[in-house]
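What's in run16.cif: mmCIF, N, CA and C atoms
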data_final
#
loop_
_atom_site.group_PDB
_atom_site.id
_atom_site.type_symbol
_atom_site.label_atom_id
_atom_site.label_comp_id
_atom_site.auth_asym_id
_atom_site.auth_seq_id
_atom_site.Cartn_x
_atom_site.Cartn_y
_atom_site.Cartn_z
ATOM 1 N N MET A 1 -52.957 -26.704 -5.143
ATOM 2 C CA MET A 1 -52.326 -26.503 -3.847
ATOM 3 C C MET A 1 -53.338 -26.792 -2.746
ATOM 4 N N ASN A 2 -52.888 -27.525 -1.759
ATOM 5 C CA ASN A 2 -53.816 -27.767 -0.664
ATOM 6 C C ASN A 2 -53.676 -26.701 0.408
ATOM 7 N N ASP A 3 -54.525 -26.735 1.395
ATOM 8 C CA ASP A 3 -54.596 -25.668 2.395
ATOM 9 C C ASP A 3 -53.343 -25.586 3.268
ATOM 10 N N ILE A 4 -52.663 -26.690 3.477
ATOM 11 C CA ILE A 4 -51.469 -26.666 4.327
ATOM 12 C C ILE A 4 -50.364 -25.841 3.667
ATOM 13 N N TRP A 5 -50.146 -26.033 2.361
ATOM 14 C CA TRP A 5 -49.107 -25.279 1.656
ATOM 15 C C TRP A 5 -49.449 -23.803 1.565
ATOM 16 N N VAL A 6 -50.711 -23.488 1.409
ATOM 17 C CA VAL A 6 -51.132 -22.083 1.399
ATOM 18 C C VAL A 6 -50.858 -21.459 2.757
ATOM 19 N N PHE A 7 -51.156 -22.183 3.822
ATOM 20 C CA PHE A 7 -50.917 -21.681 5.177
ATOM 21 C C PHE A 7 -49.418 -21.483 5.423
ATOM 22 N N ILE A 8 -48.586 -22.452 5.007
ATOM 23 C CA ILE A 8 -47.127 -22.327 5.182
ATOM 24 C C ILE A 8 -46.598 -21.139 4.383
ATOM 25 N N TYR A 9 -47.071 -20.948 3.170
ATOM 26 C CA TYR A 9 -46.648 -19.822 2.346
ATOM 27 C C TYR A 9 -47.026 -18.501 2.998
ATOM 28 N N LEU A 10 -48.257 -18.399 3.480
ATOM 29 C CA LEU A 10 -48.698 -17.152 4.120
ATOM 30 C C LEU A 10 -47.919 -16.880 5.399
ATOM 31 N N MET A 11 -47.598 -17.910 6.173
ATOM 32 C CA MET A 11 -46.820 -17.705 7.391
ATOM 33 C C MET A 11 -45.401 -17.208 7.047
ATOM 34 N N GLY A 12 -44.814 -17.759 6.006
ATOM 35 C CA GLY A 12 -43.504 -17.280 5.566
ATOM 36 C C GLY A 12 -43.563 -15.842 5.093
ATOM 37 N N PHE A 13 -44.614 -15.494 4.347
ATOM 38 C CA PHE A 13 -44.780 -14.126 3.866
ATOM 39 C C PHE A 13 -44.950 -13.165 5.027
ATOM 40 N N VAL A 14 -45.752 -13.532 6.014
ATOM 41 C CA VAL A 14 -45.966 -12.679 7.184
ATOM 42 C C VAL A 14 -44.662 -12.525 7.966
ATOM 43 N N ALA A 15 -43.881 -13.598 8.082
ATOM 44 C CA ALA A 15 -42.615 -13.519 8.804
ATOM 45 C C ALA A 15 -41.636 -12.578 8.093
ATOM 46 N N VAL A 16 -41.517 -12.698 6.780
ATOM 47 C CA VAL A 16 -40.620 -11.811 6.032
ATOM 48 C C VAL A 16 -41.095 -10.369 6.114
ATOM 49 N N PHE A 17 -42.390 -10.153 5.996
ATOM 50 C CA PHE A 17 -42.949 -8.804 6.093
ATOM 51 C C PHE A 17 -42.683 -8.213 7.481
ATOM 52 N N GLY A 18 -42.864 -9.014 8.519
ATOM 53 C CA GLY A 18 -42.614 -8.531 9.881
ATOM 54 C C GLY A 18 -41.156 -8.196 10.110
ATOM 55 N N MET A 19 -40.237 -9.048 9.627
ATOM 56 C CA MET A 19 -38.813 -8.764 9.790
ATOM 57 C C MET A 19 -38.407 -7.517 9.015
ATOM 58 N N THR A 20 -39.031 -7.303 7.870
ATOM 59 C CA THR A 20 -38.729 -6.105 7.085
ATOM 60 C C THR A 20 -39.169 -4.851 7.824
ATOM 61 N N CYS A 21 -40.346 -4.886 8.405
ATOM 62 C CA CYS A 21 -40.836 -3.724 9.157
ATOM 63 C C CYS A 21 -39.963 -3.441 10.370
ATOM 64 N N VAL A 22 -39.546 -4.489 11.082
ATOM 65 C CA VAL A 22 -38.678 -4.302 12.241
ATOM 66 C C VAL A 22 -37.343 -3.704 11.808
ATOM 67 N N TYR A 23 -36.779 -4.181 10.711
ATOM 68 C CA TYR A 23 -35.511 -3.667 10.204
ATOM 69 C C TYR A 23 -35.638 -2.184 9.837
ATOM 70 N N MET A 24 -36.712 -1.822 9.138
ATOM 71 C CA MET A 24 -36.900 -0.409 8.762
ATOM 72 C C MET A 24 -37.066 0.456 10.004
ATOM 73 N N PHE A 25 -37.787 -0.026 11.009
ATOM 74 C CA PHE A 25 -37.979 0.735 12.232
ATOM 75 C C PHE A 25 -36.643 0.958 12.946
ATOM 76 N N MET A 26 -35.817 -0.083 13.027
ATOM 77 C CA MET A 26 -34.526 0.047 13.707
ATOM 78 C C MET A 26 -33.585 0.981 12.955
ATOM 79 N N MET A 27 -33.596 0.935 11.631
ATOM 80 C CA MET A 27 -32.737 1.825 10.849
ATOM 81 C C MET A 27 -33.182 3.281 10.994
ATOM 82 N N MET A 28 -34.472 3.523 10.997
ATOM 83 C CA MET A 28 -34.952 4.896 11.174
ATOM 84 C C MET A 28 -34.626 5.399 12.573
ATOM 85 N N ARG A 29 -34.727 4.523 13.577
ATOM 86 C CA ARG A 29 -34.416 4.935 14.943
ATOM 87 C C ARG A 29 -32.936 5.296 15.055
ATOM 88 N N SER A 30 -32.048 4.506 14.448
ATOM 89 C CA SER A 30 -30.622 4.822 14.538
ATOM 90 C C SER A 30 -30.289 6.085 13.737
ATOM 91 N N THR A 31 -30.962 6.291 12.611
ATOM 92 C CA THR A 31 -30.731 7.496 11.821
ATOM 93 C C THR A 31 -31.182 8.736 12.580
ATOM 94 N N LEU A 32 -32.343 8.675 13.191
ATOM 95 C CA LEU A 32 -32.842 9.823 13.950
ATOM 96 C C LEU A 32 -32.005 10.084 15.190
ATOM 97 N N SER A 33 -31.432 9.037 15.788
ATOM 98 C CA SER A 33 -30.576 9.271 16.953
ATOM 99 C C SER A 33 -29.293 9.989 16.545
ATOM 100 N N GLU A 34 -28.812 9.779 15.315
ATOM 101 C CA GLU A 34 -27.649 10.520 14.826
ATOM 102 C C GLU A 34 -27.966 12.010 14.697
ATOM 103 N N PHE A 35 -29.182 12.330 14.301
ATOM 104 C CA PHE A 35 -29.567 13.736 14.179
ATOM 105 C C PHE A 35 -29.671 14.417 15.541
ATOM 106 N N ASP A 36 -29.939 13.650 16.587
ATOM 107 C CA ASP A 36 -30.094 14.226 17.915
ATOM 108 C C ASP A 36 -28.759 14.505 18.593
ATOM 109 N N LYS A 37 -27.662 14.049 18.042
ATOM 110 C CA LYS A 37 -26.359 14.258 18.653
ATOM 111 C C LYS A 37 -25.974 15.731 18.601
ATOM 112 N N GLN A 38 -25.069 16.101 19.494
ATOM 113 C CA GLN A 38 -24.594 17.478 19.579
ATOM 114 C C GLN A 38 -23.841 17.854 18.303
ATOM 115 N N PRO A 39 -24.110 19.021 17.729
ATOM 116 C CA PRO A 39 -23.396 19.429 16.516
ATOM 117 C C PRO A 39 -21.914 19.684 16.802
ATOM 118 N N VAL A 40 -21.110 19.507 15.793
ATOM 119 C CA VAL A 40 -19.667 19.683 15.910
ATOM 120 C C VAL A 40 -19.360 21.174 15.912
ATOM 121 N N LYS A 41 -18.565 21.594 16.897
ATOM 122 C CA LYS A 41 -18.232 23.020 16.994
ATOM 123 C C LYS A 41 -16.851 23.328 16.439
ATOM 124 N N SER A 42 -15.954 22.351 16.479
ATOM 125 C CA SER A 42 -14.614 22.600 15.951
ATOM 126 C C SER A 42 -14.011 21.288 15.472
ATOM 127 N N TYR A 43 -12.979 21.411 14.689
ATOM 128 C CA TYR A 43 -12.276 20.254 14.149
ATOM 129 C C TYR A 43 -11.649 19.423 15.265
ATOM 130 N N ASN A 44 -11.149 20.084 16.306
ATOM 131 C CA ASN A 44 -10.498 19.369 17.407
ATOM 132 C C ASN A 44 -11.482 18.460 18.137
ATOM 133 N N ASN A 45 -12.734 18.895 18.267
ATOM 134 C CA ASN A 45 -13.726 18.063 18.935
ATOM 135 C C ASN A 45 -14.008 16.795 18.142
ATOM 136 N N VAL A 46 -13.992 16.888 16.840
ATOM 137 C CA VAL A 46 -14.252 15.713 16.013
ATOM 138 C C VAL A 46 -13.072 14.761 16.079
ATOM 139 N N MET A 47 -11.862 15.279 15.938
ATOM 140 C CA MET A 47 -10.675 14.428 15.866
ATOM 141 C C MET A 47 -10.298 13.839 17.212
ATOM 142 N N ARG A 48 -10.784 14.381 18.299
ATOM 143 C CA ARG A 48 -10.435 13.864 19.614
ATOM 144 C C ARG A 48 -10.873 12.404 19.752
ATOM 145 N N ALA A 49 -11.994 12.045 19.169
ATOM 146 C CA ALA A 49 -12.490 10.682 19.290
ATOM 147 C C ALA A 49 -11.704 9.708 18.426
ATOM 148 N N TYR A 50 -11.001 10.184 17.415
ATOM 149 C CA TYR A 50 -10.335 9.297 16.472
ATOM 150 C C TYR A 50 -8.830 9.197 16.657
ATOM 151 N N THR A 51 -8.246 10.030 17.464
ATOM 152 C CA THR A 51 -6.801 9.977 17.642
ATOM 153 C C THR A 51 -6.458 8.956 18.715
ATOM 154 N N PRO A 52 -5.369 8.219 18.540
ATOM 155 C CA PRO A 52 -5.024 7.210 19.539
ATOM 156 C C PRO A 52 -4.569 7.817 20.865
ATOM 157 N N HIS A 53 -3.985 9.023 20.833
ATOM 158 C CA HIS A 53 -3.548 9.694 22.056
ATOM 159 C C HIS A 53 -4.188 11.075 22.115
ATOM 160 N N PRO A 54 -5.390 11.183 22.676
ATOM 161 C CA PRO A 54 -6.037 12.486 22.707
ATOM 162 C C PRO A 54 -5.310 13.486 23.607
ATOM 163 N N GLU A 55 -4.558 12.994 24.583
ATOM 164 C CA GLU A 55 -3.817 13.918 25.431
ATOM 165 C C GLU A 55 -2.335 13.861 25.064
ATOM 166 N N ALA A 56 -1.599 14.838 25.479
ATOM 167 C CA ALA A 56 -0.175 14.911 25.158
ATOM 168 C C ALA A 56 0.574 13.803 25.902
ATOM 169 N N PRO A 57 1.653 13.282 25.312
ATOM 170 C CA PRO A 57 2.416 12.243 26.002
ATOM 171 C C PRO A 57 3.098 12.806 27.241
ATOM 172 N N LYS A 58 3.225 11.949 28.237
ATOM 173 C CA LYS A 58 3.874 12.367 29.486
ATOM 174 C C LYS A 58 5.392 12.316 29.309
ATOM 175 N N ASP A 59 6.099 12.957 30.209
ATOM 176 C CA ASP A 59 7.563 12.968 30.155
ATOM 177 C C ASP A 59 8.101 11.553 30.266
ATOM 178 N N GLY A 60 9.007 11.188 29.374
ATOM 179 C CA GLY A 60 9.619 9.873 29.395
ATOM 180 C C GLY A 60 8.825 8.810 28.665
ATOM 181 N N GLU A 61 7.625 9.127 28.208
ATOM 182 C CA GLU A 61 6.801 8.150 27.498
ATOM 183 C C GLU A 61 7.321 8.006 26.074
ATOM 184 N N GLU A 62 7.410 6.768 25.596
ATOM 185 C CA GLU A 62 7.934 6.514 24.259
ATOM 186 C C GLU A 62 6.838 6.798 23.225
ATOM 187 N N VAL A 63 7.193 7.569 22.208
ATOM 188 C CA VAL A 63 6.246 7.956 21.174
ATOM 189 C C VAL A 63 6.826 7.551 19.826
ATOM 190 N N MET A 64 5.963 7.030 18.951
ATOM 191 C CA MET A 64 6.428 6.653 17.618
ATOM 192 C C MET A 64 6.622 7.919 16.782
ATOM 193 N N GLY A 65 7.692 7.961 16.028
ATOM 194 C CA GLY A 65 7.956 9.110 15.192
ATOM 195 C C GLY A 65 8.491 8.695 13.837
ATOM 196 N N VAL A 66 8.393 9.585 12.886
ATOM 197 C CA VAL A 66 8.878 9.344 11.537
ATOM 198 C C VAL A 66 9.833 10.464 11.179
ATOM 199 N N THR A 67 10.989 10.092 10.634
ATOM 200 C CA THR A 67 11.967 11.087 10.211
ATOM 201 C C THR A 67 12.161 10.953 8.709
ATOM 202 N N PHE A 68 12.019 12.055 8.002
ATOM 203 C CA PHE A 68 12.209 12.062 6.561
ATOM 204 C C PHE A 68 13.566 12.679 6.257
ATOM 205 N N LYS A 69 14.372 11.967 5.480
ATOM 206 C CA LYS A 69 15.664 12.529 5.091
ATOM 207 C C LYS A 69 15.525 13.033 3.656
ATOM 208 N N SER A 70 16.209 14.071 3.376
ATOM 209 C CA SER A 70 16.169 14.596 2.018
ATOM 210 C C SER A 70 17.201 13.850 1.176
ATOM 211 N N CYS A 71 16.872 13.668 -0.093
ATOM 212 C CA CYS A 71 17.814 12.980 -0.974
ATOM 213 C C CYS A 71 18.508 14.019 -1.856
ATOM 214 N N ASP A 72 19.669 13.646 -2.332
ATOM 215 C CA ASP A 72 20.396 14.583 -3.178
ATOM 216 C C ASP A 72 19.807 14.577 -4.595
ATOM 217 N N LEU A 73 20.240 15.475 -5.393
ATOM 218 C CA LEU A 73 19.681 15.683 -6.726
ATOM 219 C C LEU A 73 19.905 14.483 -7.633
ATOM 220 N N ASP A 74 21.051 13.797 -7.496
ATOM 221 C CA ASP A 74 21.325 12.621 -8.330
ATOM 222 C C ASP A 74 20.344 11.488 -8.037
ATOM 223 N N GLU A 75 20.066 11.249 -6.745
ATOM 224 C CA GLU A 75 19.100 10.216 -6.382
ATOM 225 C C GLU A 75 17.710 10.573 -6.902
ATOM 226 N N TYR A 76 17.345 11.844 -6.768
ATOM 227 C CA TYR A 76 16.037 12.288 -7.239
ATOM 228 C C TYR A 76 15.910 12.099 -8.752
ATOM 229 N N ASN A 77 16.934 12.479 -9.487
ATOM 230 C CA ASN A 77 16.889 12.328 -10.951
ATOM 231 C C ASN A 77 16.829 10.853 -11.354
ATOM 232 N N ALA A 78 17.549 9.998 -10.640
ATOM 233 C CA ALA A 78 17.505 8.565 -10.941
ATOM 234 C C ALA A 78 16.105 8.008 -10.682
ATOM 235 N N LEU A 79 15.496 8.406 -9.588
ATOM 236 C CA LEU A 79 14.132 7.944 -9.294
ATOM 237 C C LEU A 79 13.144 8.458 -10.324
ATOM 238 N N GLN A 80 13.288 9.720 -10.703
ATOM 239 C CA GLN A 80 12.368 10.307 -11.680
ATOM 240 C C GLN A 80 12.522 9.629 -13.046
ATOM 241 N N ALA A 81 13.753 9.298 -13.419
ATOM 242 C CA ALA A 81 13.976 8.596 -14.687
ATOM 243 C C ALA A 81 13.332 7.219 -14.652
ATOM 244 N N ARG A 82 13.432 6.537 -13.533
ATOM 245 C CA ARG A 82 12.803 5.208 -13.395
ATOM 246 C C ARG A 82 11.282 5.322 -13.478
ATOM 247 N N ILE A 83 10.707 6.332 -12.845
ATOM 248 C CA ILE A 83 9.253 6.551 -12.906
ATOM 249 C C ILE A 83 8.822 6.814 -14.340
ATOM 250 N N ASN A 84 9.550 7.673 -15.032
ATOM 251 C CA ASN A 84 9.200 7.973 -16.423
ATOM 252 C C ASN A 84 9.320 6.743 -17.308
ATOM 253 N N GLU A 85 10.355 5.920 -17.060
ATOM 254 C CA GLU A 85 10.534 4.688 -17.833
ATOM 255 C C GLU A 85 9.362 3.731 -17.623
ATOM 256 N N LEU A 86 8.927 3.584 -16.376
ATOM 257 C CA LEU A 86 7.789 2.704 -16.086
ATOM 258 C C LEU A 86 6.491 3.240 -16.685
ATOM 259 N N LYS A 87 6.308 4.562 -16.632
ATOM 260 C CA LYS A 87 5.119 5.163 -17.245
ATOM 261 C C LYS A 87 5.090 4.907 -18.746
ATOM 262 N N GLN A 88 6.227 5.111 -19.383
ATOM 263 C CA GLN A 88 6.302 4.902 -20.831
ATOM 264 C C GLN A 88 6.041 3.442 -21.178
ATOM 265 N N LYS A 89 6.588 2.541 -20.391
ATOM 266 C CA LYS A 89 6.379 1.110 -20.638
ATOM 267 C C LYS A 89 4.899 0.752 -20.484
ATOM 268 N N LEU A 90 4.243 1.301 -19.471
ATOM 269 C CA LEU A 90 2.817 1.037 -19.268
ATOM 270 C C LEU A 90 1.980 1.612 -20.401
ATOM 271 N N GLU A 91 2.338 2.801 -20.872
ATOM 272 C CA GLU A 91 1.590 3.413 -21.977
ATOM 273 C C GLU A 91 1.764 2.598 -23.258
ATOM 274 N N GLU A 92 2.952 2.076 -23.484
ATOM 275 C CA GLU A 92 3.169 1.241 -24.667
ATOM 276 C C GLU A 92 2.373 -0.047 -24.577
ATOM 277 N N ASP A 93 2.305 -0.644 -23.403
ATOM 278 C CA ASP A 93 1.527 -1.867 -23.215
ATOM 279 C C ASP A 93 0.042 -1.608 -23.444
ATOM 280 N N ASP A 94 -0.445 -0.447 -23.023
ATOM 281 C CA ASP A 94 -1.857 -0.111 -23.226
ATOM 282 C C ASP A 94 -2.165 0.051 -24.702
ATOM 283 N N ASP A 95 -1.239 0.629 -25.449
ATOM 284 C CA ASP A 95 -1.471 0.827 -26.880
ATOM 285 C C ASP A 95 -1.518 -0.508 -27.618
ATOM 286 N N ASP A 96 -0.712 -1.476 -27.203
ATOM 287 C CA ASP A 96 -0.685 -2.775 -27.863
ATOM 288 C C ASP A 96 -1.976 -3.552 -27.640
ATOM 289 N N ASP A 97 -2.574 -3.403 -26.484
ATOM 290 C CA ASP A 97 -3.777 -4.161 -26.153
ATOM 291 C C ASP A 97 -5.029 -3.574 -26.783
ATOM 292 N N ASP A 98 -4.967 -2.349 -27.254
ATOM 293 C CA ASP A 98 -6.149 -1.691 -27.805
ATOM 294 C C ASP A 98 -6.465 -2.264 -29.181
ATOM 295 N N ASP A 99 -7.700 -2.678 -29.379
ATOM 296 C CA ASP A 99 -8.122 -3.230 -30.665
ATOM 297 C C ASP A 99 -8.847 -2.191 -31.513
ATOM 298 N N ASP A 100 -8.644 -0.954 -31.274
ATOM 299 C CA ASP A 100 -9.238 0.159 -32.010
ATOM 300 C C ASP A 100 -10.756 0.114 -31.974
ATOM 301 N N GLY A 101 -11.329 -0.486 -30.992
ATOM 302 C CA GLY A 101 -12.772 -0.466 -30.831
ATOM 303 C C GLY A 101 -13.515 -1.365 -31.796
ATOM 304 N N ASP A 102 -12.837 -2.305 -32.449
ATOM 305 C CA ASP A 102 -13.505 -3.195 -33.385
ATOM 306 C C ASP A 102 -14.431 -4.138 -32.608
ATOM 307 N N ILE A 103 -15.639 -4.285 -33.124
ATOM 308 C CA ILE A 103 -16.622 -5.158 -32.514
ATOM 309 C C ILE A 103 -17.000 -6.203 -33.523
ATOM 310 N N VAL A 104 -16.957 -7.453 -33.103
ATOM 311 C CA VAL A 104 -17.337 -8.537 -33.989
ATOM 312 C C VAL A 104 -18.847 -8.695 -33.923
ATOM 313 N N VAL A 105 -19.499 -8.590 -35.097
ATOM 314 C CA VAL A 105 -20.941 -8.723 -35.161
ATOM 315 C C VAL A 105 -21.257 -9.970 -35.958
ATOM 316 N N ARG A 106 -22.024 -10.838 -35.367
ATOM 317 C CA ARG A 106 -22.423 -12.061 -36.038
ATOM 318 C C ARG A 106 -23.914 -12.016 -36.262
ATOM 319 N N VAL A 107 -24.297 -12.322 -37.493
ATOM 320 C CA VAL A 107 -25.721 -12.276 -37.845
ATOM 321 C C VAL A 107 -26.256 -13.658 -38.031
#
Structure encoded using structure tokens:
Amino acid sequence: MNDIWVFIYLMGFVAVFGMTCVYMFMMMRSTLSEFDKQPVKSYNNVMRAYTPHPEAPKDGEEVMGVTFKSCDLDEYNALQARINELKQKLEEDDDDDDDDGDIVVRV
């Protein structure tokens, strides 16, 4: 190896080492800044930052809502039978694919 390639290699090594040190310094600074934040006093204080509407809707403002209707017993039994049928079918498929743990060993 001639001196030019040694110099290029060392410059690359110094650059990678420098970028690594800068990255570690920035990560430690951001981690320590998280520790300096005010501690959470209640659940409402935490969730206030994550809710789309932290304040109550005003009169006349349109709000999205979800309504759940109850189903009758026949619909529930039909759904439950379908779920059980699918579970049984999946369990049967799993049993067919199992090779009982046989391992092919070639010497």
Mind the document's chain letters and residue numbers, and return as a ChimeraX atom specification the residues of chain A that DSSP labels alpha helix (DSSP H). /A:3-35,43-48,73-97
Suppose you want the space between atom N of A:Val22 and atom N of A:Asp3; what is it in Å? 28.5 Å
Could you work out how far atom N of A:Ala15 lies from atom N of A:Met28, giving the answer in Å with one decimal?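 Those two atoms sit 19.8 Å apart.
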Just how far from atom CA of A:Asn77 is atom CA of A:Leu90, in Å to one decimal? 19.9 Å
